[in-house]
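Below is one structure, written out as structure tokens; the observations come after it.
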Amino acid sequence: MLNRKAGMIAAVALSTSLLVTACSTKTGTESQASSLSETSKPAKQETLRILSGVVGGKTPEENTLFEKEVERLTGIKVTIEKPAADYDKKLYAAIAAGEKYDLIYMGKGNMDVLVGQGALTQLNDKIKASKVLSDPKVIPTKEWDMITYDGGKIYSVFNKSEGGTLPTVRQDWMDKLKLQQPKTLDDFYQVLKAFKEKDPDGNGKDDTYGLSTAGLYDIQGFMSAAAVKYKYVIDANGKRTIPYATEAAVPIFEWFAKLYKEGILDPNFATNDSGKMRELFLTNRVGMVTYWDAWVGLFNNMKKTDDPKFVAKAIPGAVGPDGKIMLRRGDPSVWGIPVNAEHVDTAMKFLEFWQSEKGNILSTLGIEGTDYTVKDGKYTLTPDGVSHGMDHGAPFPNNTNFKNPIGTLPGAIEGRQVIFDNNATIENSTKDWPNAEKIVTNYAFQAMMGKMPAADAVKKMHDELKAVNLID
């Protein structure tokens with residue numbers, strides 16, 4: 001009986017042991033399967049939400065293709081939001097509302113405001129740790145000075161290498177009328193007068209102007225004659241002045257008033273936007289405009305088919321009293337990472353890509369198959385690519401190693417050289433400039449159109465700016 005009972009106990013024990021073993025084996029197998037499942041899962045795709053002013057496609061449809069091209073080249077799924085208008089307002093409103101963007105495009109003026117608000121991530125350590133971004137052949141060391149704040153702090157990475165604004169002339173008209181490149185303010189007057197009076201377009205009609213601008217944008221090349229700089233100048237003690245509101249500017253405003261009175265200056269200059277100004281230049285209505293150096297190449301490219309004789313050329317401004325020329329270099333356009341960004345490391349990965357050859361080709365030529373094709377190593381622009389002017393956000397990348405495989409548009413490189421040869425400098429806008437600009441523009445226009453003596457306009461400009469504490 002005892003042996004039988006012992007046998008039953010042994011059998012139960014063996015059965016329990018087998019059950020436990022089976023359960024343990026099953027659990028181990030499931031655990032191993034679970035572990036394999038975890039390791040075989042694809043990594044979560046990196047994503048970025050980007051707010052952009054100019055980077056991306058030229059149309060909403062092409063912007064979608066641009067997003068897909070970034071994903072193809074980097075593996076990062078991006079959403080690029082491009083407001084149709086009022087970009088600065090959208091940028092400030094988004095930051096104020098705490099919207100979460102991983103990258104934001106901005107100019108230096110925008111950056112100054114956002115740095116002051118503590119809205120941007122300091123990037124010094126991340127830039128230093130990046131073999132790409134810290135390479136002086138990719139971004140020249142001296143360029144960083146333009147976006148470095150007190151204490152050596154850096155809050156952004158460049159989007160592109162900026163050129164500047166300068167006088168752009170119809171060189172074919174200059175050649176036809178046998179005119180020499182102007183150097184002094186009087187030289188400029190003589191050239192512009194000839195454009196008005198000597199029928200440079202050869203249609204036998206009195207329908208041309210010497211000069212057109214889009215308001216005060218950008219007359220720095222002429223203000224150069226008096227060494228007067230636009231926007232703010234702040235001395236070592238922090239004293240703020242606006243040179244347009246000083247006596248030094250009076251002779252230049254008088255010069256403009258003379259052009260206006262004689263019909264040499266486009267009468268609609270004060271209300272023009274840049275599009276209207278460009279249209280006058282492209283339709284043989286005006287011989288000189290003041291605009292970005294990159295547009296020299298774009299002008300020539302636009303006209304090469306229907307008017308092969310058309311030649312736009314960038315020229316330096318008027319020589320100042322010290323024998324130098326004072327031109328404006330464009331504010332750096334940059335990428336910043338907001339302090340509430342969710343994907344900082346991915347944003348840095350994108351910025352490294354943007355400075356690489358593949359990123360440079362995307363930012364210039366655009367999207368393969370849409371803007372350009374490649375066959376046997378040769379790059380060719382499509383009709384859409386031609387119309388887009390090799391500008392998808394950075395027509396001239398910072399990367400000094402990059403050479404555009406198509407080449408550059410005629411006259412564009414020469415225009416940039418004028419800017420760099422004359423040591424063009426950026427303007428200082430400060431947070432007060434939007435309010436100051438209204439006062440400056442009002443009195444500058446009255447002086448330039450002869451509605452008020454220039455000396456009186458400048459004095460009123462100065463007094464009004466002083467009264468509201470916009471200058472010291």
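Chain labels follow the order of the structure tokens: the first chain is A, the next B, and so on; residue numbering restarts at 1 in every chain, and ligands are counted from 1 in their shown order.
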
Counting only C-alpha atoms, what is within 10 Å of Val286 of chain A, bar same-chain residues fewer than 4 positions away, as a short mmCIF file (atom, residue, chain, number, x, y, z; two decimals) with all heavy atoms, in the first residue's frame?
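Everything below was put into selection_29.cif:
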```
data_model
loop_
_atom_site.label_atom_id
_atom_site.label_comp_id
_atom_site.auth_asym_id
_atom_site.auth_seq_id
_atom_site.Cartn_x
_atom_site.Cartn_y
_atom_site.Cartn_z
N VAL A 169 22.33 97.86 -63.84
CA VAL A 169 22.15 98.72 -65.01
C VAL A 169 21.94 97.90 -66.27
O VAL A 169 22.39 96.75 -66.37
CB VAL A 169 23.38 99.65 -65.17
CG1 VAL A 169 24.62 98.86 -65.56
CG2 VAL A 169 23.13 100.77 -66.15
N ARG A 170 21.24 98.48 -67.24
CA ARG A 170 21.13 97.88 -68.57
C ARG A 170 22.43 98.16 -69.31
O ARG A 170 22.61 99.22 -69.93
CB ARG A 170 19.94 98.49 -69.32
CG ARG A 170 18.58 97.97 -68.87
CD ARG A 170 18.35 96.53 -69.29
NE ARG A 170 18.39 96.37 -70.74
CZ ARG A 170 17.32 96.47 -71.54
NH1 ARG A 170 16.13 96.72 -71.03
NH2 ARG A 170 17.45 96.29 -72.84
N LEU A 192 21.84 108.41 -65.93
CA LEU A 192 20.39 108.28 -65.79
C LEU A 192 19.65 109.28 -66.68
O LEU A 192 18.59 108.96 -67.24
CB LEU A 192 20.00 108.48 -64.32
CG LEU A 192 20.61 107.47 -63.33
CD1 LEU A 192 20.25 107.83 -61.90
CD2 LEU A 192 20.17 106.06 -63.65
N PHE A 195 19.57 107.87 -70.16
CA PHE A 195 18.55 106.81 -70.27
C PHE A 195 17.15 107.42 -70.47
O PHE A 195 16.31 106.86 -71.16
CB PHE A 195 18.53 105.94 -69.02
CG PHE A 195 19.71 105.01 -68.88
CD1 PHE A 195 20.02 104.44 -67.66
CD2 PHE A 195 20.50 104.68 -69.98
CE1 PHE A 195 21.08 103.56 -67.53
CE2 PHE A 195 21.58 103.82 -69.86
CZ PHE A 195 21.88 103.26 -68.63
N LYS A 196 16.94 108.57 -69.86
CA LYS A 196 15.64 109.24 -69.98
C LYS A 196 15.49 109.91 -71.34
O LYS A 196 14.41 109.85 -71.97
CB LYS A 196 15.51 110.27 -68.86
CG LYS A 196 14.39 111.30 -69.03
CD LYS A 196 13.01 110.64 -68.99
CE LYS A 196 11.92 111.70 -69.15
NZ LYS A 196 10.58 111.09 -69.31
N PRO A 200 17.03 105.00 -75.39
CA PRO A 200 17.90 103.82 -75.37
C PRO A 200 17.25 102.55 -75.92
O PRO A 200 17.95 101.66 -76.38
CB PRO A 200 18.26 103.66 -73.90
CG PRO A 200 17.12 104.30 -73.16
CD PRO A 200 16.71 105.46 -74.02
N ASP A 201 15.92 102.48 -75.88
CA ASP A 201 15.26 101.28 -76.39
C ASP A 201 14.97 101.37 -77.88
O ASP A 201 14.51 100.40 -78.50
CB ASP A 201 13.96 101.00 -75.63
CG ASP A 201 12.95 102.13 -75.73
OD1 ASP A 201 13.33 103.24 -76.16
OD2 ASP A 201 11.78 101.91 -75.38
N ASP A 207 9.52 107.28 -73.45
CA ASP A 207 8.81 106.40 -72.52
C ASP A 207 9.76 105.63 -71.60
O ASP A 207 9.41 104.57 -71.08
CB ASP A 207 7.94 105.40 -73.29
CG ASP A 207 8.75 104.50 -74.23
OD1 ASP A 207 9.96 104.73 -74.37
OD2 ASP A 207 8.16 103.58 -74.81
N THR A 208 10.96 106.15 -71.40
CA THR A 208 11.90 105.47 -70.51
C THR A 208 12.28 106.37 -69.34
O THR A 208 12.24 107.61 -69.44
CB THR A 208 13.19 105.08 -71.26
OG1 THR A 208 13.75 106.25 -71.88
CG2 THR A 208 12.90 104.03 -72.32
N TYR A 209 12.65 105.73 -68.23
CA TYR A 209 13.15 106.43 -67.05
C TYR A 209 14.60 106.01 -66.81
O TYR A 209 15.02 104.94 -67.23
CB TYR A 209 12.32 106.08 -65.81
CG TYR A 209 10.86 106.43 -65.93
CD1 TYR A 209 9.90 105.43 -66.06
CD2 TYR A 209 10.44 107.76 -65.94
CE1 TYR A 209 8.56 105.73 -66.18
CE2 TYR A 209 9.10 108.08 -66.06
CZ TYR A 209 8.16 107.06 -66.18
OH TYR A 209 6.83 107.37 -66.31
N GLY A 210 15.30 106.88 -66.12
CA GLY A 210 16.68 106.54 -65.79
C GLY A 210 16.75 105.53 -64.66
O GLY A 210 17.51 104.57 -64.71
N LEU A 211 15.93 105.75 -63.62
CA LEU A 211 16.04 104.97 -62.38
C LEU A 211 14.67 104.64 -61.83
O LEU A 211 13.76 105.47 -61.85
CB LEU A 211 16.83 105.77 -61.33
CG LEU A 211 16.94 105.19 -59.92
CD1 LEU A 211 17.80 103.92 -59.93
CD2 LEU A 211 17.52 106.23 -58.96
N SER A 212 14.53 103.43 -61.31
CA SER A 212 13.34 103.06 -60.53
C SER A 212 13.80 102.33 -59.28
O SER A 212 14.82 101.62 -59.29
CB SER A 212 12.39 102.17 -61.33
OG SER A 212 11.23 101.87 -60.58
N ILE A 264 13.43 111.90 -64.47
CA ILE A 264 14.44 110.84 -64.61
C ILE A 264 14.13 109.67 -63.68
O ILE A 264 14.34 108.51 -64.03
CB ILE A 264 15.84 111.41 -64.32
CG1 ILE A 264 16.20 112.49 -65.36
CG2 ILE A 264 16.89 110.30 -64.30
CD1 ILE A 264 17.48 113.25 -65.02
N LEU A 265 13.60 109.98 -62.51
CA LEU A 265 13.20 108.97 -61.53
C LEU A 265 11.77 108.54 -61.80
O LEU A 265 10.88 109.39 -61.97
CB LEU A 265 13.34 109.55 -60.12
CG LEU A 265 12.90 108.66 -58.95
CD1 LEU A 265 13.73 107.38 -58.89
CD2 LEU A 265 13.01 109.44 -57.63
N ASP A 266 11.53 107.26 -61.86
CA ASP A 266 10.19 106.71 -62.03
C ASP A 266 9.24 107.38 -61.03
O ASP A 266 9.46 107.31 -59.82
CB ASP A 266 10.24 105.20 -61.80
CG ASP A 266 8.88 104.55 -61.62
OD1 ASP A 266 7.88 105.12 -62.09
OD2 ASP A 266 8.84 103.45 -61.03
N MET A 277 8.89 97.14 -59.89
CA MET A 277 10.20 97.68 -60.28
C MET A 277 10.90 96.73 -61.26
O MET A 277 11.42 97.17 -62.29
CB MET A 277 11.05 97.90 -59.03
CG MET A 277 12.46 98.41 -59.31
SD MET A 277 13.52 98.34 -57.84
CE MET A 277 13.75 96.56 -57.66
N ARG A 278 10.88 95.45 -60.95
CA ARG A 278 11.52 94.48 -61.83
C ARG A 278 10.86 94.46 -63.21
O ARG A 278 11.54 94.34 -64.23
CB ARG A 278 11.46 93.07 -61.21
CG ARG A 278 12.25 92.91 -59.93
CD ARG A 278 12.43 91.44 -59.59
NE ARG A 278 11.18 90.71 -59.49
CZ ARG A 278 10.55 90.45 -58.35
NH1 ARG A 278 11.04 90.90 -57.21
NH2 ARG A 278 9.43 89.74 -58.35
N GLU A 279 9.56 94.58 -63.23
CA GLU A 279 8.83 94.55 -64.50
C GLU A 279 9.23 95.71 -65.39
O GLU A 279 9.40 95.54 -66.61
CB GLU A 279 7.32 94.59 -64.23
CG GLU A 279 6.45 94.48 -65.47
CD GLU A 279 6.58 93.14 -66.18
OE1 GLU A 279 7.08 92.17 -65.56
OE2 GLU A 279 6.20 93.06 -67.35
N LEU A 280 9.42 96.89 -64.81
CA LEU A 280 9.88 98.04 -65.60
C LEU A 280 11.25 97.76 -66.24
O LEU A 280 11.50 98.12 -67.39
CB LEU A 280 9.97 99.29 -64.71
CG LEU A 280 8.66 99.93 -64.26
CD1 LEU A 280 8.93 101.05 -63.26
CD2 LEU A 280 7.88 100.48 -65.46
N PHE A 281 12.10 97.13 -65.47
CA PHE A 281 13.44 96.83 -65.96
C PHE A 281 13.41 95.80 -67.08
O PHE A 281 14.12 95.92 -68.08
CB PHE A 281 14.29 96.32 -64.79
CG PHE A 281 15.77 96.24 -65.06
CD1 PHE A 281 16.52 97.39 -65.26
CD2 PHE A 281 16.42 95.02 -65.09
CE1 PHE A 281 17.89 97.33 -65.50
CE2 PHE A 281 17.79 94.94 -65.32
CZ PHE A 281 18.52 96.10 -65.53
N LEU A 282 12.55 94.81 -66.94
CA LEU A 282 12.48 93.72 -67.92
C LEU A 282 11.72 94.09 -69.18
O LEU A 282 11.81 93.41 -70.20
CB LEU A 282 11.82 92.49 -67.28
CG LEU A 282 12.66 91.74 -66.23
CD1 LEU A 282 11.80 90.77 -65.44
CD2 LEU A 282 13.82 91.00 -66.90
#
```

Spatial neighbours of Leu381 of chain A, max dist 6 Å, only C-alpha atoms, sep filter under 2 positions, as a list in words: Asp371, Tyr372, Gly385 and Val386 of chain A

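Nearest residue to Gly163 of chain A, choosing from A:Gly415, A:Gly204, A:Gly151, A:Gly450 and counting only C-alpha atoms: A:Gly415.
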
Could you give me the residues within segment 198-446 of chain A that DSSP places in strand (DSSP E), as JSON, numbers by chain? {"A": [209, 210, 211, 212, 233, 234, 240, 241, 286, 287, 288, 289, 290, 291, 292, 312, 313, 314, 328, 329, 333, 334, 335, 336, 372, 373, 374, 375, 378, 379, 380, 381]}

Distance atom CA of Tyr260 of chain A-atom CA of Glu197 of chain A, one decimal place?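 Pair atom CA of Tyr260 of chain A / atom CA of Glu197 of chain A returns 14.0 Å.
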
Determine, for each residue of segment 417-451 of chain A having at least one atom at most 12 Å from an atom of segment 395-413 of chain A, the closest pair of atoms and their separation in Å to one decimal, counting only C-alpha atoms; order by chain and ascending number, as a Markdown table.
```
| residue | atom | partner | partner_atom | distance |
| --- | --- | --- | --- | --- |
| A:Gln417 | CA | A:Ile413 | CA | 6.2 |
| A:Val418 | CA | A:Ile413 | CA | 8.8 |
| A:Ile419 | CA | A:Ile413 | CA | 10.1 |
| A:Phe420 | CA | A:Ile413 | CA | 10.6 |
| A:Asp421 | CA | A:Ile413 | CA | 11.9 |
```

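The closest residue to Ser156 of chain A, picked from A:Val78, A:Val458, A:Ile315, A:Leu120 and counting only C-alpha atoms, is A:Leu120.
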
Contacts of Lys198 of chain A within 10 Å, only C-alpha atoms, excl. fewer than 5 positions in-chain, as a ChimeraX atom specification: /A:173,177,193,204-206,208

Atoms to include: N, CA and C atoms. Write the selected residues as a compact mmCIF listing (two decimals), in the first residue's frame.
```
# COMPACT_ATOMS: atom_id res chain seq x y z
N TRP A 173 22.22 99.15 -72.92
CA TRP A 173 21.90 100.57 -73.14
C TRP A 173 23.15 101.42 -72.95
N LEU A 177 24.62 103.81 -75.97
CA LEU A 177 24.76 105.25 -75.81
C LEU A 177 26.20 105.68 -75.53
N LYS A 193 20.21 110.45 -66.84
CA LYS A 193 19.62 111.47 -67.72
C LYS A 193 19.63 110.98 -69.17
N GLY A 204 11.69 105.28 -80.54
CA GLY A 204 11.30 106.62 -80.97
C GLY A 204 10.32 107.32 -80.05
N LYS A 205 10.09 106.78 -78.87
CA LYS A 205 9.14 107.37 -77.93
C LYS A 205 9.84 107.82 -76.66
N ASP A 206 9.25 108.83 -76.02
CA ASP A 206 9.76 109.32 -74.74
C ASP A 206 9.08 108.52 -73.63
N THR A 208 10.96 106.15 -71.40
CA THR A 208 11.90 105.47 -70.51
C THR A 208 12.28 106.37 -69.34
```

Just the helix (DSSP H, G or I) stuff from segment 267-359 of chain A, please, per backbone DSSP, written as number ranges by chain. A: 274-282, 294-303, 344-354, 357-359
